[in-house]
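Working notes, beginning with the structure itself.
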Protein chains: 2
Amino acid sequence: MGLKIYKKIIVLGGDGFCGWPTSLHLSSIGHDVVIIDNLSRRNIDNELEAGSLTPIQPMGSRLKAWEEISGQRIRFMKIDVAQDYDALLQVFMNEQPDAIVHFAEQRAAPYSMKSSKTKRYTVNNNINATHNVLCAIVESGLDIHLIHLGTMGVYGYGTAGIKIPEGYLDVEVKAETGERLAQQILYPTNPGSVYHMTKSLDQLLFQYYNKNDHLRITDLHQGIVWGTNTRETMLDERLINRFDYDGDYGTVLNRFLMQAAVGYPITVHGTGGQTRAFIHIQDTVRCIQLALENPPERGDRVLIFNQMTETHKVKDLAKLVSELTGAEIAYVSNPRKEAAENELHVSNDLFLSKGLRPITLNVGLLQEVTEIARKYACRADLSKIPATSTWTKEQRPGNPTEPTVK
Amino acid sequence: MGLKIYKKIIVLGGDGFCGWPTSLHLSSIGHDVVIIDNLSRRNIDNELEAGSLTPIQPMGSRLKAWEEISGQRIRFMKIDVAQDYDALLQVFMNEQPDAIVHFAEQRAAPYSMKSSKTKRYTVNNNINATHNVLCAIVESGLDIHLIHLGTMGVYGYGTAGIKIPEGYLDVEVKAETGERLAQQILYPTNPGSVYHMTKSLDQLLFQYYNKNDHLRITDLHQGIVWGTNTRETMLDERLINRFDYDGDYGTVLNRFLMQAAVGYPITVHGTGGQTRAFIHIQDTVRCIQLALENPPERGDRVLIFNQMTETHKVKDLAKLVSELTGAEIAYVSNPRKEAAENELHVSNDLFLSKGLRPITLNVGLLQEVTEIARKYACRADLSKIPATSTWTKEQRPGNPTEPTVK
């Protein structure tokens with residue numbers, strides 16, 4: 001056993017689906033964790049008249065339970081990172097964190113496409129949140145390692161023939177002399193929603209502040225997260241994690257499992273030929289630990305990891321869940337403007353080289369999610385299941401009761 | 001003579017250094033021009049305790065003078081494009097413009113690097129302004145051609161060996177099979193300040209809204225503008241254009257000419273080995289006319305022009321101005337973090353193909369600027385000349401009275 005070094009870590013957005021289990025995990029391994037959150041995710045639940053399938057507790061109860069169970073204290077400060085720069089800077093100065101994990105962004109593609117209001121909220125919130133964090137690190141003068149949750153969606157899904165590298169792409173460019181010059185560039189982004197676009201903008205913010213101010217930054221391009229609980233959230237029901245099943249915040253595999261559990265048809269958008277990258281929530285928290293333990297050096301460029309463990313076609317997942325549960329599949333209209341079918345090959349060598357042993361899709365874990373969904377089925381509002389936010393006026397909601405438009 | 005088609009055009013930021021002469025020019029050729037501006041440029045003058053060397057008139061006097069002289073009416077609405085989305089959308093709905101020219105961004109690199117406050121203002125203002133315009137065009141349902149002022153600075157100045165294309169770069173990427181695939185990508189940006197970074201972000205906003213909503217967008221990557229008056233602003237002193245000479249908003253060639261005119265040393269930052277792209281303000285307004293007359297079709301990708309006519313090394317400009325005026329040159333510290341020397345080859349074939357006949361550097365036009373500077377020299381505050389906004393704590397102000405740090 002080497003020397004264990006405990007760090008002071010601020011988790012921005014530590015009340016959310018990934019932020020909460022990450023905070024617990026980092027606390028459980030001995031780090032001093034401070035959560036900053038403006039509770040926007042709970043407020044958006046209010047706005048959408050939707051909610052977590054699981055009965056998540058208020059932050060006060062969560063933290064009290066965690067202290068009882070682990071003996072560890074996590075502190076919480078309610079700050080809007082995008083709006084209240086002065087408070088954010090003050091916390092950095094007071095706490096002198098070694099690292100910041102930044103989840104404080106609006107993270108649902110469908111919500112970001114719901115209306116011009118939600119498009120504008122997503123851009124305004126996400127860009128100002130990220131930029132405020134960068135400015136505050138520079139102004140603090142502290143050498144803080146910033147870990148940011150990006151998305152696989154920045155690469156886009158039109159990549160047939162090329163294995164997606166980790167952030168940087170080798171290209172050749174023709175010089176004026178006719179000579180071919182080899183260059184390594186930030187992978188040209190091709191986001192599929194306003195939400196994904198904000199993460200493409202974040203990348204340029206990181207690139208600039210890394211160049212100008214030598215900030216140490218890790219950007220994690222995460223796949224679609226599935227599962228709900230982690231080792232720590234399972235320790236007590238008061239620690240339970242969110243489970244989003246609604247058409248805006250629910251993500252594909254969890255939605256299928258929930259739909260099957262409550263007797264709703266499995267809603268496949270379009271043909272289901274979309275190939276996407278996935279990661280289990282337990283691996284999310286493990287990856288963030290690994291990113292924290294393997295920071296870039298000062299002067300290094302932005303370190304980009306692909307935080308995913310496997311790829312699947314949506315229709316294959318639907319079939320798997322259907323076979324496991326007996327639920328029927330409904331092929332509905334695709335509310336998104338996206339390619340009906342795509343291939344996807346992704347490199348994730350960096351996390352594997354740091355010791356990640358991926359949790360891949362297995363019947364046991366799928367059943368665990370189904371059981372949670374069954375346990376809390378009485379809390380479900382089935383009217384919230386269909387995905388109704390359409391990308392343009394040409395798309396139709398993904399509603400099993402509406403006729404499919406081909 | 002072909003059929004002349006007059007358009008309804010909204011000029012966002014029509015009170016500024018480029019926006020004002022553009023508005024007059026478009027009005028002079030018969031278009032129906034509406035200016036939207038929040039007067040932020042004048043307010044920043046107040047904040048910086050600086051001002052235009054030329055006595056610019058309030059918008060009311062400007063428009064009254066224009067109507068007297070040209071018989072054309074330009075309307076003005078004071079709206080903050082970044083903040084007041086509802087008002088912006090309402091104007092689009094009421095006016096049903098054919099085109100929007102978007103100058104409504106904070107445009108000074110040094111101001112954007114002055115403090116975390118100005119960094120944050122620049123990002124918040126510029127990104128929300130551009131995004132609000134895009135959202136409002138989509139929400140309006142109108143087929144509006146958007147013309148945006150970008151900057152040559154998005155390309156960066158580390159491009160030795162490659163002639164900078166107009167927005168898109170041909171590259172080859174190795175496929176998984178080993179085969180080389182030819183692709184055309186948005187030129188990978190390498191901005192040199194927070195201001196330039198915002199224009200890199202703008203590019204991704206345009207790319208996305210063009211893809212998702214088929215918006216017709218022209219992005220103009222403009223070089224450093226020099227000169228002050230155009231045919232229209234010279235018609236009456238009340239129409240005079242801004243002339244910025246201060247360390248934040250003054251741009252290099254105009255600053256040199258003004259410095260020489262008022263007996264201040266010509267302040268070259270560093271060695272002056274920086275090569276930059278230039279355009280005369282008269283060509284700016286002509287280019288915008290050409291962009292307006294050559295819109296992309298619906299379904300076309302974003303059309304990108306390099307709006308520049310020539311490149312020069314800063315030290316060569318200093319020598320030219322010195323020879324012309326007898327002024328001495330002061331090599332001062334470079335407050336910017338940038339390469340001391342660079343080469344720059346730029347393609348501007350697109351505007352040439354549309355009929356632009358470039359006004360290049362000539363003694364007559366340089367003297368015209370010097371004469372304006374001499375005429376209004378009594379208005380100058382010499383203490384505002386040095387560039388004092390430093391890119392990081394490691395740079396020093398470009399002050400001729402301070403010792404140069406090499």
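Letters A, B, ... go to the chains of the structure tokens in the order shown; residues in each chain start at 1; ligands are counted from 1 in the same order.
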
Give the residues of chain B that lie within 8 Å of chain A; count only C-alpha atoms, and format the answer as a PyMOL selection string. chain B and resi 116+119-120+123-124+127-128+131-132+135-136+139+161-163+170-177+185-186+188+190-194+197+200-201+204-205+208+212-213+337+391-392

Show which residues sit within 10 Å of A:Lys375, as a VMD selection string. Count only C-alpha atoms, and ignore same-chain residues fewer than 6 positions away. chain A and resid 53 to 54 261 to 262 369

Since chain A and chain B share a sequence, can you fit the second onto the first over all C-alpha atoms in order and output it as a compact mmCIF listing (two decimals) with C-alpha atoms, in the first residue's frame?
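After the write, selection-v6.txt holds the following:
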# COMPACT_ATOMS: atom_id res chain seq x y z
CA MET B 1 0.07 0.02 -0.01
CA GLY B 2 1.40 3.38 -1.00
CA LEU B 3 0.92 6.60 0.94
CA LYS B 4 -2.72 7.63 0.82
CA ILE B 5 -3.23 11.33 0.21
CA TYR B 6 -6.56 12.81 1.20
CA LYS B 7 -7.71 15.80 -0.74
CA LYS B 8 -10.09 18.67 -0.26
CA ILE B 9 -12.59 18.36 -3.10
CA ILE B 10 -15.45 20.65 -4.08
CA VAL B 11 -18.20 18.90 -6.02
CA LEU B 12 -20.23 21.41 -8.05
CA GLY B 13 -23.68 19.99 -8.73
CA GLY B 14 -23.28 17.44 -5.97
CA ASP B 15 -27.03 16.99 -5.54
CA GLY B 16 -27.59 15.49 -8.99
CA PHE B 17 -27.74 11.99 -10.45
CA CYS B 18 -23.96 11.69 -10.91
CA GLY B 19 -22.88 14.35 -8.42
CA TRP B 20 -24.48 12.78 -5.37
CA PRO B 21 -23.00 9.26 -5.67
CA THR B 22 -19.65 10.83 -6.63
CA SER B 23 -19.67 12.95 -3.48
CA LEU B 24 -20.41 9.90 -1.33
CA HIS B 25 -17.77 7.81 -3.04
CA LEU B 26 -15.05 10.44 -2.66
CA SER B 27 -16.04 10.94 0.98
CA SER B 28 -16.05 7.18 1.61
CA ILE B 29 -12.43 6.87 0.50
CA GLY B 30 -11.41 9.60 2.88
CA HIS B 31 -11.49 12.85 0.94
CA ASP B 32 -12.88 16.03 2.49
CA VAL B 33 -15.88 16.80 0.27
CA VAL B 34 -17.77 20.09 -0.02
CA ILE B 35 -20.91 20.08 -2.17
CA ILE B 36 -22.02 23.22 -3.98
CA ASP B 37 -25.41 23.07 -5.66
CA ASN B 38 -28.28 25.45 -6.40
CA LEU B 39 -30.82 22.60 -6.31
CA SER B 40 -31.74 23.40 -9.91
CA ARG B 41 -32.42 19.75 -10.73
CA ARG B 42 -35.11 19.57 -8.04
CA ASN B 43 -36.51 22.89 -9.21
CA ILE B 44 -36.75 21.64 -12.79
CA ASP B 45 -38.69 18.65 -11.46
CA ASN B 46 -41.16 21.16 -10.07
CA GLU B 47 -41.31 23.00 -13.37
CA LEU B 48 -41.85 19.79 -15.38
CA GLU B 49 -44.26 18.37 -12.77
CA ALA B 50 -42.07 15.27 -12.78
CA GLY B 51 -39.85 13.66 -10.18
CA SER B 52 -37.39 10.95 -9.32
CA LEU B 53 -38.93 7.47 -9.22
CA THR B 54 -36.87 6.86 -6.12
CA PRO B 55 -37.71 8.90 -3.00
CA ILE B 56 -34.62 11.12 -2.84
CA GLN B 57 -34.24 12.99 0.41
CA PRO B 58 -33.53 16.68 0.93
CA MET B 59 -29.84 17.53 1.13
CA GLY B 60 -30.01 18.00 4.90
CA SER B 61 -31.35 14.47 5.45
CA ARG B 62 -28.90 13.02 2.95
CA LEU B 63 -25.90 14.51 4.71
CA LYS B 64 -27.19 13.64 8.19
CA ALA B 65 -27.67 10.02 7.09
CA TRP B 66 -24.20 9.94 5.55
CA GLU B 67 -22.60 11.20 8.74
CA GLU B 68 -24.49 8.63 10.82
CA ILE B 69 -23.51 5.77 8.54
CA SER B 70 -19.97 6.63 7.54
CA GLY B 71 -18.80 8.90 10.30
CA GLN B 72 -17.70 11.27 7.51
CA ARG B 73 -19.00 14.78 7.21
CA ILE B 74 -19.81 16.37 3.84
CA ARG B 75 -20.57 20.07 3.90
CA PHE B 76 -23.11 21.72 1.60
CA MET B 77 -23.37 25.29 0.31
CA LYS B 78 -26.27 26.48 -1.81
CA ILE B 79 -24.66 28.64 -4.50
CA ASP B 80 -25.64 29.22 -8.11
CA VAL B 81 -22.29 28.73 -9.84
CA ALA B 82 -23.49 30.41 -13.04
CA GLN B 83 -24.87 33.48 -11.26
CA ASP B 84 -23.02 34.07 -8.03
CA TYR B 85 -19.36 34.42 -8.96
CA ASP B 86 -18.36 36.29 -5.83
CA ALA B 87 -19.65 33.57 -3.52
CA LEU B 88 -17.93 30.91 -5.63
CA LEU B 89 -14.58 32.71 -5.52
CA GLN B 90 -14.94 33.21 -1.78
CA VAL B 91 -15.45 29.47 -1.26
CA PHE B 92 -12.36 28.69 -3.33
CA MET B 93 -10.34 31.16 -1.27
CA ASN B 94 -11.65 29.87 2.05
CA GLU B 95 -11.49 26.16 1.26
CA GLN B 96 -8.34 26.07 -0.88
CA PRO B 97 -9.50 22.88 -2.61
CA ASP B 98 -7.05 20.52 -4.30
CA ALA B 99 -9.64 19.61 -6.88
CA ILE B 100 -13.05 20.62 -8.18
CA VAL B 101 -15.43 18.17 -9.84
CA HIS B 102 -17.80 20.14 -12.07
CA PHE B 103 -21.26 18.65 -12.70
CA ALA B 104 -23.07 22.02 -12.39
CA GLU B 105 -24.69 22.03 -15.81
CA GLN B 106 -28.16 21.40 -17.22
CA ARG B 107 -27.65 17.89 -18.52
CA ALA B 108 -30.73 16.78 -20.48
CA ALA B 109 -30.73 17.07 -24.26
CA PRO B 110 -34.55 16.89 -24.54
CA TYR B 111 -34.99 19.60 -21.90
CA SER B 112 -32.50 21.78 -23.77
CA MET B 113 -34.65 21.44 -26.94
CA LYS B 114 -38.02 21.98 -25.29
CA SER B 115 -38.44 25.68 -26.07
CA SER B 116 -36.39 28.76 -26.76
CA LYS B 117 -36.54 29.42 -23.04
CA THR B 118 -34.92 26.09 -22.13
CA LYS B 119 -32.39 26.43 -24.97
CA ARG B 120 -31.40 29.81 -23.62
CA TYR B 121 -31.34 28.64 -20.02
CA THR B 122 -29.08 25.73 -20.96
CA VAL B 123 -26.57 27.90 -22.83
CA ASN B 124 -26.62 30.69 -20.27
CA ASN B 125 -26.33 28.36 -17.28
CA ASN B 126 -23.79 25.91 -18.64
CA ILE B 127 -21.41 28.38 -20.27
CA ASN B 128 -21.45 30.87 -17.41
CA ALA B 129 -21.07 28.08 -14.84
CA THR B 130 -18.00 26.67 -16.56
CA HIS B 131 -16.53 30.08 -17.29
CA ASN B 132 -17.10 31.32 -13.73
CA VAL B 133 -15.28 28.26 -12.38
CA LEU B 134 -12.33 28.92 -14.71
CA CYS B 135 -12.20 32.63 -13.86
CA ALA B 136 -12.41 31.92 -10.15
CA ILE B 137 -9.56 29.40 -10.31
CA VAL B 138 -7.40 31.97 -12.12
CA GLU B 139 -8.38 34.78 -9.76
CA SER B 140 -7.76 32.60 -6.70
CA GLY B 141 -4.19 31.97 -7.82
CA LEU B 142 -4.57 28.41 -6.52
CA ASP B 143 -3.30 25.36 -8.39
CA ILE B 144 -6.65 23.53 -8.44
CA HIS B 145 -7.22 20.45 -10.58
CA LEU B 146 -10.54 20.85 -12.42
CA ILE B 147 -12.42 17.70 -13.45
CA HIS B 148 -15.34 18.35 -15.78
CA LEU B 149 -18.11 16.08 -16.95
CA GLY B 150 -18.35 16.34 -20.71
CA THR B 151 -20.22 13.99 -22.98
CA MET B 152 -19.54 11.48 -25.73
CA GLY B 153 -22.13 13.51 -27.66
CA VAL B 154 -19.55 16.20 -28.49
CA TYR B 155 -18.07 13.80 -31.03
CA GLY B 156 -21.39 13.31 -32.79
CA TYR B 157 -22.57 10.13 -34.40
CA GLY B 158 -21.39 10.59 -37.96
CA THR B 159 -18.03 8.99 -37.36
CA ALA B 160 -18.27 5.80 -39.42
CA GLY B 161 -14.86 4.40 -40.25
CA ILE B 162 -12.93 6.26 -37.55
CA LYS B 163 -12.38 4.97 -34.05
CA ILE B 164 -13.13 7.90 -31.76
CA PRO B 165 -9.93 8.85 -29.95
CA GLU B 166 -9.77 10.41 -26.50
CA GLY B 167 -10.33 14.07 -27.32
CA TYR B 168 -7.58 14.65 -29.85
CA LEU B 169 -7.54 13.58 -33.48
CA ASP B 170 -4.47 12.99 -35.65
CA VAL B 171 -4.91 14.67 -39.01
CA GLU B 172 -2.76 15.58 -41.96
CA VAL B 173 -3.00 19.00 -43.55
CA LYS B 174 -1.52 20.07 -46.85
CA ALA B 175 1.00 22.89 -46.51
CA GLU B 176 1.48 25.63 -49.11
CA THR B 177 4.50 23.71 -50.35
CA GLY B 178 2.29 20.67 -51.01
CA GLU B 179 3.91 18.80 -48.13
CA ARG B 180 1.66 16.88 -45.72
CA LEU B 181 1.87 18.17 -42.15
CA ALA B 182 0.81 15.92 -39.25
CA GLN B 183 -1.20 17.73 -36.60
CA GLN B 184 -3.15 16.72 -33.55
CA ILE B 185 -6.32 18.72 -33.10
CA LEU B 186 -9.24 18.82 -30.71
CA TYR B 187 -11.70 16.38 -32.25
CA PRO B 188 -14.05 18.47 -34.45
CA THR B 189 -17.33 18.48 -32.60
CA ASN B 190 -20.71 17.64 -34.05
CA PRO B 191 -23.18 18.00 -31.18
CA GLY B 192 -26.74 16.76 -31.60
CA SER B 193 -28.61 19.12 -29.27
CA VAL B 194 -28.23 22.49 -27.57
CA TYR B 195 -27.17 20.63 -24.44
CA HIS B 196 -24.44 18.72 -26.27
CA MET B 197 -23.42 21.95 -27.95
CA THR B 198 -22.75 23.57 -24.57
CA LYS B 199 -20.24 20.80 -23.82
CA SER B 200 -18.56 21.54 -27.15
CA LEU B 201 -18.30 25.18 -26.10
CA ASP B 202 -16.93 24.10 -22.71
CA GLN B 203 -14.11 22.33 -24.54
CA LEU B 204 -12.99 25.60 -26.11
CA LEU B 205 -13.15 27.36 -22.75
CA PHE B 206 -10.90 24.67 -21.30
CA GLN B 207 -8.51 24.81 -24.24
CA TYR B 208 -8.14 28.56 -23.85
CA TYR B 209 -7.70 28.71 -20.08
CA ASN B 210 -5.29 25.82 -20.24
CA LYS B 211 -3.23 27.70 -22.84
CA ASN B 212 -3.35 31.14 -21.26
CA ASP B 213 -3.27 30.30 -17.56
CA HIS B 214 -1.88 26.74 -17.50
CA LEU B 215 -4.91 25.47 -15.61
CA ARG B 216 -4.84 21.74 -14.94
CA ILE B 217 -8.03 20.34 -16.44
CA THR B 218 -9.45 16.86 -17.02
CA ASP B 219 -12.49 16.63 -19.31
CA LEU B 220 -14.49 13.41 -19.13
CA HIS B 221 -16.57 12.59 -22.19
CA GLN B 222 -19.12 10.37 -20.56
CA GLY B 223 -21.48 7.92 -22.24
CA ILE B 224 -25.10 7.37 -21.24
CA VAL B 225 -25.20 6.43 -17.58
CA TRP B 226 -27.36 3.55 -16.47
CA GLY B 227 -28.10 2.00 -13.09
CA THR B 228 -29.12 4.05 -10.11
CA ASN B 229 -27.32 3.02 -6.95
CA THR B 230 -23.70 2.66 -5.99
CA ARG B 231 -22.10 0.92 -3.04
CA GLU B 232 -22.53 4.04 -0.94
CA THR B 233 -26.08 5.05 -1.93
CA MET B 234 -27.21 1.49 -1.07
CA LEU B 235 -26.06 1.77 2.52
CA ASP B 236 -29.28 3.46 3.65
CA GLU B 237 -32.54 4.33 1.93
CA ARG B 238 -32.03 7.98 2.86
CA LEU B 239 -28.94 7.95 0.62
CA ILE B 240 -30.81 6.66 -2.42
CA ASN B 241 -29.92 8.18 -5.78
CA ARG B 242 -32.25 9.81 -8.32
CA PHE B 243 -33.98 7.67 -10.93
CA ASP B 244 -35.30 9.72 -13.83
CA TYR B 245 -37.80 8.04 -16.12
CA ASP B 246 -39.57 11.03 -17.69
CA GLY B 247 -39.23 11.93 -21.35
CA ASP B 248 -36.85 14.81 -20.68
CA TYR B 249 -34.43 13.58 -18.02
CA GLY B 250 -34.75 9.80 -18.24
CA THR B 251 -31.96 8.14 -20.22
CA VAL B 252 -32.45 5.29 -22.57
CA LEU B 253 -31.56 2.05 -20.77
CA ASN B 254 -32.96 3.11 -17.40
CA ARG B 255 -36.15 4.21 -19.14
CA PHE B 256 -36.54 0.82 -20.82
CA LEU B 257 -36.05 -1.00 -17.52
CA MET B 258 -38.53 1.26 -15.73
CA GLN B 259 -41.08 0.97 -18.56
CA ALA B 260 -40.86 -2.80 -18.41
CA ALA B 261 -41.17 -2.76 -14.63
CA VAL B 262 -44.36 -0.67 -14.58
CA GLY B 263 -46.05 -2.39 -17.54
CA TYR B 264 -45.51 0.37 -20.09
CA PRO B 265 -44.36 -0.49 -23.63
CA ILE B 266 -40.62 -0.05 -24.24
CA THR B 267 -40.46 3.14 -26.32
CA VAL B 268 -37.87 2.88 -29.08
CA HIS B 269 -37.39 6.14 -30.99
CA GLY B 270 -37.42 5.48 -34.72
CA THR B 271 -35.80 2.23 -35.78
CA GLY B 272 -33.59 1.97 -32.70
CA GLY B 273 -30.59 1.77 -35.00
CA GLN B 274 -28.75 4.43 -33.01
CA THR B 275 -25.53 3.13 -31.44
CA ARG B 276 -24.58 4.83 -28.20
CA ALA B 277 -21.90 4.52 -25.52
CA PHE B 278 -22.81 3.43 -22.00
CA ILE B 279 -21.40 3.35 -18.50
CA HIS B 280 -22.80 2.11 -15.21
CA ILE B 281 -23.16 4.70 -12.43
CA GLN B 282 -20.79 2.65 -10.24
CA ASP B 283 -18.11 3.06 -12.93
CA THR B 284 -18.87 6.80 -13.17
CA VAL B 285 -17.85 7.33 -9.57
CA ARG B 286 -14.85 5.04 -9.96
CA CYS B 287 -13.71 6.93 -13.09
CA ILE B 288 -13.91 10.24 -11.28
CA GLN B 289 -11.75 8.79 -8.54
CA LEU B 290 -9.23 7.66 -11.18
CA ALA B 291 -9.30 11.08 -12.88
CA LEU B 292 -8.63 12.66 -9.50
CA GLU B 293 -5.72 10.31 -8.81
CA ASN B 294 -4.17 10.92 -12.24
CA PRO B 295 -4.19 14.68 -12.72
CA PRO B 296 -2.35 16.41 -15.56
CA GLU B 297 0.86 18.19 -14.66
CA ARG B 298 0.99 21.98 -14.76
CA GLY B 299 1.81 22.84 -18.36
CA ASP B 300 0.12 19.71 -19.79
CA ARG B 301 -2.70 20.22 -22.26
CA VAL B 302 -6.29 19.39 -21.23
CA LEU B 303 -6.47 15.69 -20.43
CA ILE B 304 -9.49 14.08 -22.08
CA PHE B 305 -10.84 10.64 -21.18
CA ASN B 306 -13.72 8.80 -22.81
CA GLN B 307 -15.73 7.78 -19.80
CA MET B 308 -17.63 4.83 -21.24
CA THR B 309 -17.25 1.08 -21.12
CA GLU B 310 -19.31 -0.33 -24.01
CA THR B 311 -21.48 0.57 -26.99
CA HIS B 312 -24.88 -0.84 -27.90
CA LYS B 313 -27.59 -0.29 -30.47
CA VAL B 314 -30.76 1.04 -28.86
CA LYS B 315 -32.90 -1.67 -30.45
CA ASP B 316 -30.66 -4.39 -29.03
CA LEU B 317 -31.12 -2.96 -25.55
CA ALA B 318 -34.87 -2.89 -26.08
CA LYS B 319 -34.84 -6.55 -27.15
CA LEU B 320 -32.69 -7.52 -24.17
CA VAL B 321 -35.02 -5.79 -21.71
CA SER B 322 -38.03 -7.28 -23.48
CA GLU B 323 -36.59 -10.80 -23.23
CA LEU B 324 -35.70 -10.27 -19.59
CA THR B 325 -39.11 -8.93 -18.57
CA GLY B 326 -41.63 -9.98 -21.20
CA ALA B 327 -42.49 -6.33 -21.93
CA GLU B 328 -43.55 -5.39 -25.45
CA ILE B 329 -41.61 -2.95 -27.61
CA ALA B 330 -43.30 0.11 -29.19
CA TYR B 331 -41.48 1.71 -32.11
CA VAL B 332 -42.50 5.35 -31.82
CA SER B 333 -41.64 8.57 -33.64
CA ASN B 334 -38.19 9.93 -32.96
CA PRO B 335 -38.55 13.40 -31.42
CA ARG B 336 -34.84 14.02 -32.04
CA LYS B 337 -33.28 15.12 -35.28
CA GLU B 338 -30.53 12.52 -35.63
CA ALA B 339 -29.31 9.79 -37.93
CA ALA B 340 -31.65 6.80 -37.79
CA GLU B 341 -28.70 4.39 -37.78
CA ASN B 342 -25.02 4.75 -36.95
CA GLU B 343 -21.93 2.80 -36.04
CA LEU B 344 -19.74 3.85 -33.12
CA HIS B 345 -16.25 2.70 -32.18
CA VAL B 346 -14.72 4.39 -29.20
CA SER B 347 -11.33 4.24 -27.55
CA ASN B 348 -11.33 4.11 -23.75
CA ASP B 349 -7.76 2.95 -23.27
CA LEU B 350 -6.90 5.77 -20.87
CA PHE B 351 -9.20 4.67 -18.06
CA LEU B 352 -8.30 1.02 -18.67
CA SER B 353 -4.64 1.96 -18.33
CA LYS B 354 -5.41 3.66 -15.00
CA GLY B 355 -6.97 0.49 -13.61
CA LEU B 356 -10.66 0.64 -14.50
CA ARG B 357 -12.26 -2.82 -14.64
CA PRO B 358 -15.49 -2.09 -16.47
CA ILE B 359 -18.85 -3.20 -15.20
CA THR B 360 -20.58 -4.21 -18.41
CA LEU B 361 -24.22 -4.97 -19.10
CA ASN B 362 -25.24 -8.05 -17.16
CA VAL B 363 -28.49 -9.65 -16.21
CA GLY B 364 -27.90 -9.23 -12.50
CA LEU B 365 -27.44 -5.47 -12.68
CA LEU B 366 -30.33 -5.07 -15.11
CA GLN B 367 -32.54 -6.97 -12.69
CA GLU B 368 -31.37 -4.80 -9.82
CA VAL B 369 -32.58 -1.72 -11.70
CA THR B 370 -35.86 -3.43 -12.56
CA GLU B 371 -36.38 -4.31 -8.92
CA ILE B 372 -35.85 -0.73 -7.83
CA ALA B 373 -38.28 0.40 -10.49
CA ARG B 374 -40.85 -2.16 -9.32
CA LYS B 375 -40.34 -1.23 -5.68
CA TYR B 376 -41.17 2.41 -6.36
CA ALA B 377 -43.64 1.85 -9.23
CA CYS B 378 -46.42 3.41 -7.16
CA ARG B 379 -44.54 6.73 -7.39
CA ALA B 380 -44.53 6.68 -11.21
CA ASP B 381 -46.60 9.09 -13.29
CA LEU B 382 -46.97 7.22 -16.57
CA SER B 383 -48.09 10.36 -18.39
CA LYS B 384 -44.53 11.68 -17.98
CA ILE B 385 -42.91 8.77 -19.83
CA PRO B 386 -43.23 9.81 -23.50
CA ALA B 387 -40.47 12.06 -24.83
CA THR B 388 -42.34 15.10 -26.07
CA SER B 389 -39.58 17.69 -26.65
CA THR B 390 -39.07 17.75 -30.41
CA TRP B 391 -35.86 19.03 -32.01
CA THR B 392 -37.72 21.07 -34.67
CA LYS B 393 -41.33 21.39 -35.81
CA GLU B 394 -40.73 18.50 -38.19
CA GLN B 395 -40.29 15.86 -35.49
CA ARG B 396 -43.15 14.24 -33.57
CA PRO B 397 -43.29 13.23 -29.89
CA GLY B 398 -42.24 9.67 -29.07
CA ASN B 399 -45.67 8.72 -27.85
CA PRO B 400 -46.85 5.10 -28.18
CA THR B 401 -50.47 6.31 -28.48
CA GLU B 402 -49.63 8.50 -31.49
CA PRO B 403 -49.23 7.08 -34.98
CA THR B 404 -45.58 6.71 -36.00
CA VAL B 405 -44.40 9.13 -38.67
CA LYS B 406 -41.73 7.48 -40.82

Extract the full set of strand (DSSP E) residues from stretch 214-272 of chain A according to DSSP on the backbone, and format it as a PyMOL selection string. chain A and resi 216-222+224-226+266-269

For the structure I just gave you, how does DSSP split stretch 303-338 of chain A - specifically, which residues are helix (DSSP H, G or I)? Reply as a ChimeraX atom specification. /A:314-325
